[in-house]
file entry.txt (compact mmCIF, C-alpha atoms and all ligand atoms)
# COMPACT_ATOMS: atom_id res chain seq x y z
CA MET A 1 -34.13 -20.40 0.23
CA GLY A 2 -32.56 -23.07 -1.94
CA ASN A 3 -29.46 -21.07 -2.68
CA TYR A 4 -29.32 -19.44 0.69
CA PRO A 5 -25.63 -19.14 1.47
CA TRP A 6 -24.42 -20.42 4.79
CA PHE A 7 -22.63 -17.18 5.56
CA ALA A 8 -25.88 -15.21 5.49
CA HIS A 9 -26.46 -16.38 9.04
CA ARG A 10 -24.44 -14.31 11.36
CA HIS A 11 -23.74 -17.02 13.92
CA VAL A 12 -22.41 -19.24 11.17
CA PHE A 13 -20.25 -16.36 10.03
CA LEU A 14 -18.86 -16.10 13.54
CA VAL A 15 -18.12 -19.80 13.62
CA GLN A 16 -16.28 -19.41 10.35
CA PHE A 17 -14.46 -16.44 11.81
CA GLY A 18 -13.39 -18.59 14.73
CA VAL A 19 -11.96 -21.09 12.30
CA LEU A 20 -10.04 -18.29 10.65
CA LEU A 21 -8.71 -17.26 14.02
CA GLN A 22 -7.46 -20.77 14.59
CA HIS A 23 -5.78 -20.56 11.24
CA ALA A 24 -4.03 -17.44 12.43
CA SER A 25 -1.67 -19.50 14.48
CA MET A 26 -0.79 -21.42 11.34
CA GLY A 27 -1.23 -18.77 8.71
CA SER A 28 -3.07 -15.69 7.66
CA ILE A 29 -6.13 -14.42 5.81
CA LEU A 30 -4.20 -13.00 2.92
CA GLU A 31 -0.67 -13.69 1.86
CA ILE A 32 1.26 -11.84 -0.81
CA ARG A 33 4.37 -13.49 -2.14
CA ASP A 34 7.03 -11.82 -4.25
CA LEU A 35 4.57 -9.72 -6.22
CA ARG A 36 6.06 -7.96 -9.25
CA VAL A 37 3.89 -5.76 -11.43
CA ALA A 38 4.97 -3.51 -14.27
CA TYR A 39 3.18 -1.13 -16.63
CA ARG A 40 3.74 -1.19 -20.34
CA SER A 41 4.15 2.19 -21.97
CA ARG A 42 2.98 3.02 -25.50
CA ASN A 43 6.36 2.24 -26.96
CA GLY A 44 6.35 -1.14 -25.27
CA ASP A 45 8.81 -0.38 -22.48
CA LEU A 46 8.05 -1.75 -19.05
CA SER A 47 8.30 0.26 -15.87
CA ARG A 48 8.22 -1.41 -12.50
CA ALA A 49 5.44 -0.52 -10.07
CA LEU A 50 5.78 -3.41 -7.60
CA ASP A 51 9.13 -5.04 -7.24
CA GLY A 52 9.05 -8.17 -5.11
CA VAL A 53 6.45 -7.35 -2.46
CA SER A 54 5.72 -9.96 0.21
CA PHE A 55 3.65 -9.74 3.37
CA PHE A 56 0.71 -11.39 5.10
CA LEU A 57 -2.42 -10.11 6.75
CA GLY A 58 -3.54 -11.71 9.99
CA PRO A 59 -7.20 -12.01 11.01
CA GLY A 60 -8.59 -8.94 12.75
CA GLU A 61 -5.49 -6.99 11.92
CA VAL A 62 -5.20 -3.49 10.48
CA LEU A 63 -2.15 -3.20 8.28
CA GLY A 64 -1.20 0.35 7.37
CA VAL A 65 0.52 0.77 4.02
CA LEU A 66 2.48 3.99 3.92
CA GLY A 67 4.25 5.50 0.95
CA GLU A 68 4.71 8.55 -1.21
CA SER A 69 2.62 9.22 -4.26
CA GLY A 70 3.83 6.93 -7.05
CA SER A 71 5.30 4.32 -4.73
CA GLY A 72 2.89 1.62 -5.92
CA LYS A 73 0.20 1.62 -3.22
CA SER A 74 -2.78 1.63 -5.57
CA THR A 75 -1.13 -0.92 -7.83
CA LEU A 76 -0.92 -3.18 -4.79
CA ALA A 77 -4.59 -2.65 -3.92
CA LEU A 78 -5.71 -3.34 -7.48
CA SER A 79 -3.61 -6.47 -7.84
CA LEU A 80 -5.14 -7.97 -4.70
CA LEU A 81 -8.56 -7.78 -6.36
CA GLY A 82 -7.65 -8.62 -9.92
CA LEU A 83 -8.45 -5.06 -10.99
CA LEU A 84 -5.17 -4.10 -12.61
CA PRO A 85 -5.54 -2.12 -15.83
CA ARG A 86 -4.84 -3.67 -19.20
CA ASP A 87 -1.45 -2.03 -19.64
CA SER A 88 -0.13 -3.85 -16.57
CA VAL A 89 1.92 -7.01 -16.50
CA VAL A 90 2.13 -9.31 -13.50
CA ALA A 91 5.69 -10.54 -13.80
CA SER A 92 5.63 -12.86 -10.80
CA GLY A 93 4.05 -13.54 -7.47
CA ALA A 94 1.06 -15.01 -5.71
CA VAL A 95 -1.86 -13.56 -3.78
CA LEU A 96 -3.13 -16.34 -1.56
CA PHE A 97 -6.64 -16.10 -0.17
CA GLN A 98 -8.32 -19.11 1.41
CA GLY A 99 -5.84 -21.39 -0.24
CA ARG A 100 -6.34 -19.95 -3.73
CA ASP A 101 -4.01 -17.79 -5.77
CA LEU A 102 -6.09 -14.83 -6.84
CA LEU A 103 -3.61 -13.96 -9.57
CA LYS A 104 -4.56 -17.22 -11.25
CA ALA A 105 -8.30 -17.00 -10.60
CA GLU A 106 -10.84 -16.81 -13.42
CA PRO A 107 -12.55 -13.42 -13.90
CA ARG A 108 -15.85 -14.91 -12.71
CA GLU A 109 -14.30 -16.26 -9.56
CA LEU A 110 -12.71 -12.89 -8.84
CA GLN A 111 -16.00 -11.14 -9.39
CA ALA A 112 -17.61 -13.39 -6.81
CA ILE A 113 -14.86 -12.69 -4.31
CA ARG A 114 -14.78 -8.93 -4.84
CA GLY A 115 -17.12 -7.12 -2.51
CA LYS A 116 -18.10 -10.31 -0.75
CA ASN A 117 -14.84 -11.66 0.63
CA ILE A 118 -12.44 -8.85 -0.17
CA SER A 119 -13.68 -5.35 -0.77
CA LEU A 120 -12.08 -2.13 -1.81
CA ILE A 121 -12.83 1.44 -0.79
CA PHE A 122 -11.52 4.01 -3.22
CA GLN A 123 -10.57 7.56 -2.48
CA GLU A 124 -13.07 9.41 -4.68
CA PRO A 125 -16.63 9.13 -3.37
CA SER A 126 -18.32 11.26 -6.05
CA VAL A 127 -17.43 9.01 -8.98
CA ALA A 128 -18.02 5.71 -7.24
CA LEU A 129 -21.77 6.09 -6.64
CA HIS A 130 -24.55 6.00 -9.20
CA PRO A 131 -25.87 9.58 -9.38
CA THR A 132 -29.59 8.81 -9.92
CA MET A 133 -30.15 5.89 -7.58
CA ARG A 134 -30.96 6.14 -3.88
CA VAL A 135 -27.91 5.11 -1.88
CA GLY A 136 -29.85 2.52 0.11
CA ARG A 137 -30.63 0.69 -3.08
CA GLN A 138 -26.99 0.89 -4.14
CA VAL A 139 -25.97 -0.95 -1.01
CA ARG A 140 -28.78 -3.48 -1.36
CA GLN A 141 -27.70 -4.21 -4.93
CA ILE A 142 -24.30 -5.31 -3.72
CA LEU A 143 -25.85 -7.72 -1.25
CA ASP A 144 -28.15 -8.96 -4.00
CA ALA A 145 -25.32 -9.40 -6.51
CA HIS A 146 -23.59 -11.68 -4.03
CA GLY A 147 -26.70 -13.69 -3.27
CA MET A 148 -26.88 -12.62 0.36
CA GLY A 149 -30.50 -13.65 0.83
CA ASP A 150 -34.07 -13.13 -0.28
CA ARG A 151 -35.65 -9.69 -0.55
CA ASP A 152 -36.55 -9.39 3.14
CA GLU A 153 -33.08 -10.43 4.13
CA LEU A 154 -31.50 -7.89 1.77
CA VAL A 155 -33.67 -5.13 3.22
CA ARG A 156 -32.85 -6.17 6.76
CA ARG A 157 -29.14 -6.30 6.08
CA THR A 158 -29.18 -2.97 4.29
CA ARG A 159 -30.96 -1.36 7.24
CA GLU A 160 -28.49 -2.91 9.62
CA VAL A 161 -25.43 -1.63 7.79
CA PHE A 162 -26.91 1.88 7.49
CA GLU A 163 -27.62 1.84 11.23
CA THR A 164 -24.03 0.83 11.87
CA LEU A 165 -22.77 3.81 9.89
CA PHE A 166 -25.43 6.49 10.37
CA ALA A 167 -27.16 5.61 13.66
CA GLU A 168 -30.51 7.42 13.90
CA GLU A 169 -30.01 9.10 10.52
CA ALA A 170 -29.88 5.71 8.82
CA GLU A 171 -33.30 5.76 7.21
CA ARG A 172 -33.08 9.31 5.89
CA ILE A 173 -29.65 8.73 4.39
CA ALA A 174 -30.63 5.44 2.78
CA ARG A 175 -33.46 7.22 0.96
CA SER A 176 -31.18 10.00 -0.32
CA TYR A 177 -29.47 10.43 -3.66
CA PRO A 178 -25.70 10.93 -3.67
CA HIS A 179 -25.91 14.65 -4.50
CA GLN A 180 -28.05 15.24 -1.40
CA LEU A 181 -25.23 13.99 0.80
CA SER A 182 -22.03 15.58 2.02
CA GLY A 183 -18.64 14.22 1.00
CA GLY A 184 -18.30 12.53 4.37
CA GLN A 185 -21.73 10.92 4.11
CA ARG A 186 -20.97 9.65 0.60
CA GLN A 187 -17.74 8.16 1.86
CA ARG A 188 -19.75 6.41 4.59
CA VAL A 189 -22.04 4.98 1.93
CA LEU A 190 -18.99 3.56 0.15
CA ILE A 191 -17.90 2.05 3.44
CA ALA A 192 -21.41 0.61 3.83
CA GLN A 193 -21.07 -1.01 0.40
CA ALA A 194 -17.69 -2.38 1.30
CA ILE A 195 -18.73 -3.97 4.60
CA ALA A 196 -22.30 -4.97 3.70
CA CYS A 197 -21.38 -8.58 2.92
CA ARG A 198 -19.14 -8.79 5.97
CA PRO A 199 -16.00 -9.43 3.93
CA SER A 200 -12.93 -11.09 5.40
CA VAL A 201 -10.72 -8.25 4.21
CA VAL A 202 -11.38 -4.58 3.48
CA ILE A 203 -8.80 -2.65 1.49
CA ALA A 204 -9.07 1.12 1.85
CA ASP A 205 -6.97 3.07 -0.65
CA GLU A 206 -6.48 6.60 0.70
CA PRO A 207 -10.15 6.69 1.72
CA THR A 208 -9.89 10.16 3.22
CA ALA A 209 -7.58 11.79 0.68
CA SER A 210 -10.25 13.84 -1.08
CA LEU A 211 -11.94 15.05 2.10
CA ASP A 212 -11.43 18.21 4.11
CA PRO A 213 -9.57 17.80 7.43
CA THR A 214 -12.68 17.74 9.63
CA THR A 215 -14.42 15.15 7.48
CA GLN A 216 -11.20 13.22 7.22
CA LYS A 217 -11.13 12.90 10.98
CA GLU A 218 -14.78 11.89 11.04
CA ILE A 219 -14.20 9.09 8.51
CA LEU A 220 -11.14 7.94 10.35
CA ASP A 221 -13.28 7.64 13.48
CA VAL A 222 -15.72 5.53 11.46
CA PHE A 223 -12.90 3.14 10.55
CA ARG A 224 -11.71 2.99 14.14
CA GLY A 225 -15.27 2.22 15.26
CA LEU A 226 -15.69 -0.55 12.68
CA ARG A 227 -12.42 -2.03 13.68
CA LYS A 228 -13.43 -2.04 17.33
CA ASN A 229 -17.04 -3.20 16.87
CA LEU A 230 -16.78 -5.57 13.92
CA GLY A 231 -13.17 -6.68 14.26
CA LEU A 232 -12.61 -5.66 10.65
CA THR A 233 -9.48 -7.00 8.97
CA MET A 234 -8.09 -4.22 6.87
CA ILE A 235 -5.34 -2.90 4.67
CA PHE A 236 -5.38 0.85 5.14
CA ILE A 237 -3.38 2.68 2.48
CA THR A 238 -2.25 6.25 3.04
CA HIS A 239 0.55 8.71 2.41
CA ASN A 240 -0.09 10.26 5.82
CA PRO A 241 1.48 8.50 8.82
CA ALA A 242 -0.70 10.53 11.20
CA LEU A 243 -3.73 8.52 10.11
CA LEU A 244 -2.11 5.28 11.22
CA SER A 245 -1.09 6.11 14.75
CA GLY A 246 -3.37 4.54 17.31
CA PHE A 247 -5.15 2.67 14.52
CA ALA A 248 -2.89 0.32 12.57
CA ASP A 249 -1.42 -2.77 14.21
CA ARG A 250 1.46 -3.01 11.79
CA VAL A 251 2.87 -0.59 9.26
CA LEU A 252 4.39 -1.46 5.92
CA VAL A 253 6.48 1.32 4.42
CA PHE A 254 6.67 1.34 0.65
CA TYR A 255 9.44 2.85 -1.38
CA ALA A 256 9.53 2.64 -5.19
CA GLY A 257 7.37 -0.47 -5.25
CA ARG A 258 9.31 -2.27 -2.57
CA VAL A 259 8.85 -2.87 1.13
CA ALA A 260 11.39 -0.68 2.90
CA GLU A 261 10.25 -1.48 6.41
CA LEU A 262 7.54 -3.58 8.03
CA GLY A 263 6.84 -3.82 11.71
CA PRO A 264 4.54 -3.11 14.65
CA ALA A 265 2.92 0.32 14.19
CA LYS A 266 4.15 1.59 17.54
CA ARG A 267 7.72 0.78 16.63
CA VAL A 268 7.70 1.95 13.03
CA LEU A 269 5.84 5.19 13.75
CA THR A 270 7.81 6.24 16.78
CA SER A 271 11.20 4.74 16.13
CA PRO A 272 11.60 4.10 12.41
CA LYS A 273 14.71 2.27 11.32
CA HIS A 274 14.95 2.55 7.55
CA PRO A 275 16.67 5.78 6.46
CA TYR A 276 13.73 6.36 4.12
CA THR A 277 11.12 6.04 6.89
CA GLN A 278 13.21 8.33 9.03
CA ALA A 279 13.44 10.91 6.25
CA LEU A 280 9.72 10.55 5.59
CA PHE A 281 8.82 11.39 9.17
CA ARG A 282 11.28 14.27 9.34
CA SER A 283 9.69 15.85 6.29
CA ILE A 284 6.22 16.17 7.80
CA PRO A 285 4.83 18.25 10.66
CA PRO A 286 4.12 16.63 14.05
CA LEU A 287 1.59 13.82 13.95
CA ASP A 288 -0.88 15.41 16.35
CA GLU A 289 -1.28 18.65 14.41
CA PRO A 290 -4.87 18.29 13.27
CA HIS A 291 -5.35 21.15 10.91
CA ASP A 292 -3.35 20.51 7.80
CA ALA A 293 -3.96 16.77 7.67
CA GLY A 294 -5.53 17.16 4.23
CA GLU A 295 -2.80 19.25 2.65
CA ARG A 296 0.08 17.40 4.14
CA SER A 297 1.21 15.43 1.20
CA LEU A 298 4.67 14.12 0.88
CA PRO A 299 6.98 15.00 -1.96
CA THR A 300 6.49 12.89 -5.03
CA ILE A 301 9.18 10.47 -6.03
CA PRO A 302 11.15 12.11 -8.83
CA PRO A 303 11.09 10.14 -12.07
CA ASP A 304 13.54 7.36 -11.57
CA PRO A 305 15.46 6.50 -14.72
CA ASN A 306 16.30 3.19 -13.11
CA ARG A 307 12.76 1.86 -12.89
CA SER A 308 12.88 0.22 -16.30
CA PHE A 309 13.77 -3.39 -16.99
CA PRO A 310 16.11 -4.99 -16.34
CA PRO A 311 16.09 -3.71 -12.76
CA ARG A 312 19.12 -1.87 -11.50
CA SER A 313 21.17 -3.61 -8.89
CA GLY A 314 21.46 -2.19 -5.41
CA CYS A 315 19.06 -0.53 -3.00
CA PRO A 316 16.40 1.60 -4.71
CA PHE A 317 16.72 4.31 -2.07
CA GLU A 318 20.50 4.54 -2.46
CA PRO A 319 20.49 7.62 -4.73
CA ARG A 320 18.50 9.59 -2.12
CA CYS A 321 19.81 7.97 1.03
CA PRO A 322 21.66 10.21 3.50
CA GLU A 323 23.38 7.15 4.95
CA ARG A 324 24.33 5.23 1.84
CA MET A 325 27.37 3.03 1.87
CA GLU A 326 29.44 1.63 -0.96
CA ILE A 327 27.68 -1.74 -0.91
CA CYS A 328 24.23 -0.12 -1.36
CA LYS A 329 25.02 0.78 -4.99
CA SER A 330 25.65 -2.71 -6.18
CA ARG A 331 23.80 -5.13 -3.93
CA ASP A 332 20.18 -5.65 -2.99
CA PRO A 333 19.86 -5.28 0.79
CA GLY A 334 17.13 -7.94 1.07
CA PHE A 335 15.59 -7.99 4.53
CA VAL A 336 17.12 -7.78 7.95
CA SER A 337 15.01 -8.92 10.92
CA LEU A 338 15.31 -6.53 13.84
CA SER A 339 12.90 -8.67 15.84
CA GLU A 340 10.45 -11.42 15.08
CA SER A 341 7.99 -8.91 13.65
CA HIS A 342 10.13 -5.96 12.54
CA MET A 343 11.95 -6.11 9.22
CA VAL A 344 13.96 -3.51 7.41
CA SER A 345 15.51 -3.55 3.97
CA CYS A 346 18.78 -1.85 4.73
CA PHE A 347 22.45 -2.86 4.93
CA ARG A 348 23.01 -0.63 7.94
CA TYR A 349 21.37 -3.25 10.16
CA GLU A 350 22.97 -6.27 8.64
CA ASN A 351 25.39 -7.05 11.44
CA GLN A 352 23.25 -6.12 14.40
P1 LIG B 1 0.50 5.26 -5.55
O1 LIG B 1 -0.87 4.72 -5.38
O2 LIG B 1 1.42 4.92 -4.42
O3 LIG B 1 0.50 6.72 -5.83
P2 LIG B 1 0.50 3.83 -8.08
O4 LIG B 1 0.34 2.40 -7.79
O5 LIG B 1 -0.69 4.60 -8.53
O6 LIG B 1 1.17 4.55 -6.82
O7 LIG B 1 1.63 4.01 -9.18
C1 LIG B 1 2.89 3.35 -9.11
C2 LIG B 1 3.68 3.64 -10.38
O8 LIG B 1 3.03 3.06 -11.50
C3 LIG B 1 3.80 5.12 -10.70
O9 LIG B 1 5.07 5.34 -11.25
C4 LIG B 1 2.71 5.35 -11.69
O10 LIG B 1 3.04 6.42 -12.55
C5 LIG B 1 2.68 4.04 -12.45
N1 LIG B 1 1.32 3.74 -12.95
C6 LIG B 1 0.21 3.60 -12.22
N2 LIG B 1 -0.85 3.25 -13.01
C7 LIG B 1 -0.38 3.18 -14.26
C8 LIG B 1 -0.96 2.87 -15.54
N3 LIG B 1 -2.26 2.55 -15.66
N4 LIG B 1 -0.15 2.89 -16.63
C9 LIG B 1 1.16 3.19 -16.52
N5 LIG B 1 1.77 3.48 -15.37
C10 LIG B 1 1.02 3.49 -14.25
MG MG B 2 -2.71 5.68 -5.13
call {"tool": "encode", "arguments": {"input": "entry.txt", "output": "structure tokens"}}
result
Amino acid sequence: MGNYPWFAHRHVFLVQFGVLLQHASMGSILEIRDLRVAYRSRNGDLSRALDGVSFFLGPGEVLGVLGESGSGKSTLALSLLGLLPRDSVVASGAVLFQGRDLLKAEPRELQAIRGKNISLIFQEPSVALHPTMRVGRQVRQILDAHGMGDRDELVRRTREVFETLFAEEAERIARSYPHQLSGGQRQRVLIAQAIACRPSVVIADEPTASLDPTTQKEILDVFRGLRKNLGLTMIFITHNPALLSGFADRVLVFYAGRVAELGPAKRVLTSPKHPYTQALFRSIPPLDEPHDAGERSLPTIPPDPNRSFPPRSGCPFEPRCPERMEICKSRDPGFVSLSESHMVSCFRYENQ
């Protein structure tokens, strides 16, 4: 028990959580400041993927990140965990977690944080699990890797997390191999891995994108349940606004690696202000239409010749904007506050 970590005791965890809640009035769990990430192509050119992204995540909050394919959502998720590929360049920014800048953290420090304090759920369940290992053991290994207790404790915690996700089927599922499970069950195992250590933040990157509509709904219900029962703090990334309604507290709308709009989910989803968000919602069927949730992908951003360095001036949405004005071509709109919690990057609101 010498190395037994203090957070392995649940009541201590809750005390710590209370401290975090107190911090909420002063700050946040995760804070992203002016993050700029580019990818280097074979010929050495840089193309921007994140272009000055800033936001914070409050304790117990679900932040929905919404954007088309190619808008930089996965780049954001990867940069928060120090998992960016080698061809990427972090040009500026900070990712503050518990007073540390994760962009400056040593690989070993990041490895300790990943999965324990901040965990990531990817979209493709079949590649993420080891094919010849029982899934129960795969969850236990994560707890073990993060020193979450002795053998009995690891077994107990594994059972507990399987019960949370599979109820009375827990034991049977834990003894199964990935190929014996359905896509939805495998996705639940990935969720089990992600929450096993009771992380402060879970980042889910299009966790339902590869699932059929029925399973998609089932997994979404799992997330809603976790949120309600465990008070999970989460960044939920999707290209489908329907998944966020009634679930996310706030919504951040991404366009071409920039925050176009950020505000309370109810406001952004029902009364969007940025011309891009408005266009985005016009282009998709009604939110409560259950059937085509899986196929309903948004149009991809056409290759933008202006994404190279140095950045173009002006609003990135200007070329596609139905409401563009002269000023939008040459000047960066920055952010306009519509209320204390609702921001939009658009000149149309500048004098309101
Ligand atoms: P999203 O998850 O919203 O679809 P991504 O973060 O995957 O967006 O991609 C953002 C932009 O960065 C896209 O233009 C994409 O083509 C580019 N990109 C992503 N990963 C790489 C990579 N490893 N190398 C080069 N370009 C990349
Ligand atoms: Mg992605």
call {"tool": "closest_residue", "arguments": {"input": "entry.txt", "among": "A:Gln180, A:Thr208, A:Ser88, A:Ser339", "to": "ligand MG 2 (chain B)", "atoms": "only C-alpha atoms and all ligand atoms"}}
result
A:Thr208
call {"tool": "closest_atom_pairs", "arguments": {"input": "entry.txt", "of": "chain A", "to": "ligand LIG 1 (chain B)", "cutoff": "6 Å", "atoms": "only C-alpha atoms and all ligand atoms", "output": "Markdown table"}}
result
| residue | atom | partner | partner_atom | distance |
| --- | --- | --- | --- | --- |
| A:Tyr39 | CA | B:LIG1 | C9 | 4.8 |
| A:Ala49 | CA | B:LIG1 | C2 | 4.5 |
| A:Glu68 | CA | B:LIG1 | O2 | 5.9 |
| A:Ser69 | CA | B:LIG1 | O3 | 3.6 |
| A:Gly70 | CA | B:LIG1 | O3 | 3.6 |
| A:Ser71 | CA | B:LIG1 | O2 | 3.9 |
| A:Gly72 | CA | B:LIG1 | O4 | 3.3 |
| A:Lys73 | CA | B:LIG1 | O2 | 3.7 |
| A:Ser74 | CA | B:LIG1 | O1 | 3.6 |
| A:Thr75 | CA | B:LIG1 | O4 | 3.6 |
| A:Pro85 | CA | B:LIG1 | N3 | 5.7 |
| A:Asp87 | CA | B:LIG1 | N4 | 5.9 |
call {"tool": "closest_residue", "arguments": {"input": "entry.txt", "among": "A:His239, A:Arg114, A:Arg282, A:Arg186", "to": "ligand MG 2 (chain B)", "atoms": "all atoms listed in the file"}}
result
A:His239
call {"tool": "atom_distance", "arguments": {"input": "entry.txt", "atom1": "CA of Val259 (chain A)", "atom2": "CA of Leu66 (chain A)"}}
result
9.8 Å
call {"tool": "residues_around", "arguments": {"input": "entry.txt", "residues": "Tyr177 (chain A)", "least_positions_apart": "2", "cutoff": "10 Å", "atoms": "only C-alpha atoms", "output": "count of residues only"}}
result
17
call {"tool": "atom_distance", "arguments": {"input": "entry.txt", "atom1": "CA of Phe236 (chain A)", "atom2": "CA of Gly64 (chain A)"}}
result
4.8 Å
call {"tool": "residues_around", "arguments": {"input": "entry.txt", "residues": "Phe162 (chain A)", "least_positions_apart": "2", "cutoff": "10 Å", "atoms": "all atoms listed in the file", "output": "PyMOL selection string"}}
result
chain A and resi 135-136+139+157-160+164-174+188-189+191-193+196
call {"tool": "atom_distance", "arguments": {"input": "entry.txt", "atom1": "CA of Phe223 (chain A)", "atom2": "CA of Ile32 (chain A)"}}
result
23.5 Å
call {"tool": "residues_around", "arguments": {"input": "entry.txt", "residues": "Met343 (chain A)", "least_positions_apart": "3", "cutoff": "7 Å", "atoms": "all atoms listed in the file", "output": "PDB file with C-alpha atoms, in the frame of the given file"}}
result
ATOM      1  CA  GLU A 261      10.250  -1.480   6.410  1.00  0.00           C
ATOM      2  CA  LEU A 262       7.540  -3.580   8.030  1.00  0.00           C
ATOM      3  CA  GLY A 263       6.840  -3.820  11.710  1.00  0.00           C
ATOM      4  CA  PHE A 335      15.590  -7.990   4.530  1.00  0.00           C
ATOM      5  CA  VAL A 336      17.120  -7.780   7.950  1.00  0.00           C
ATOM      6  CA  SER A 337      15.010  -8.920  10.920  1.00  0.00           C
ATOM      7  CA  LEU A 338      15.310  -6.530  13.840  1.00  0.00           C
TER       8      LEU A 338
END
call {"tool": "closest_residue", "arguments": {"input": "entry.txt", "among": "A:Ala94, A:Ile237, A:Val161, A:Leu46", "to": "ligand MG 2 (chain B)", "atoms": "all atoms listed in the file"}}
result
A:Ile237
call {"tool": "closest_residue", "arguments": {"input": "entry.txt", "among": "A:Val37, A:Val344, A:Val253, A:Val222", "to": "Arg86 (chain A)", "atoms": "only C-alpha atoms"}}
result
A:Val37
call {"tool": "residues_around", "arguments": {"input": "entry.txt", "residues": "Ser200 (chain A)", "least_positions_apart": "6", "cutoff": "8 Å", "atoms": "all atoms listed in the file", "output": "list in words"}}
result
Ile29, Asn117, Ile118, Leu232 and Thr233 of chain A
call {"tool": "write_last_selection", "arguments": {"input": "entry.txt", "atoms": "C-alpha atoms", "output": "CSV table (one decimal), keeping the file's coordinate frame"}}
result
chain,number,residue,atom,x,y,z
A,29,ILE,CA,-6.1,-14.4,5.8
A,117,ASN,CA,-14.8,-11.7,0.6
A,118,ILE,CA,-12.4,-8.8,-0.2
A,232,LEU,CA,-12.6,-5.7,10.6
A,233,THR,CA,-9.5,-7.0,9.0
call {"tool": "closest_residue", "arguments": {"input": "entry.txt", "among": "A:Ala77, A:Ala209, A:Gly82, A:Ser345", "to": "Pro107 (chain A)", "atoms": "all atoms listed in the file"}}
result
A:Gly82
call {"tool": "closest_residue", "arguments": {"input": "entry.txt", "among": "A:Ala145, A:Val53, A:Val155, A:Leu83", "to": "Gly257 (chain A)", "atoms": "all atoms listed in the file"}}
result
A:Val53
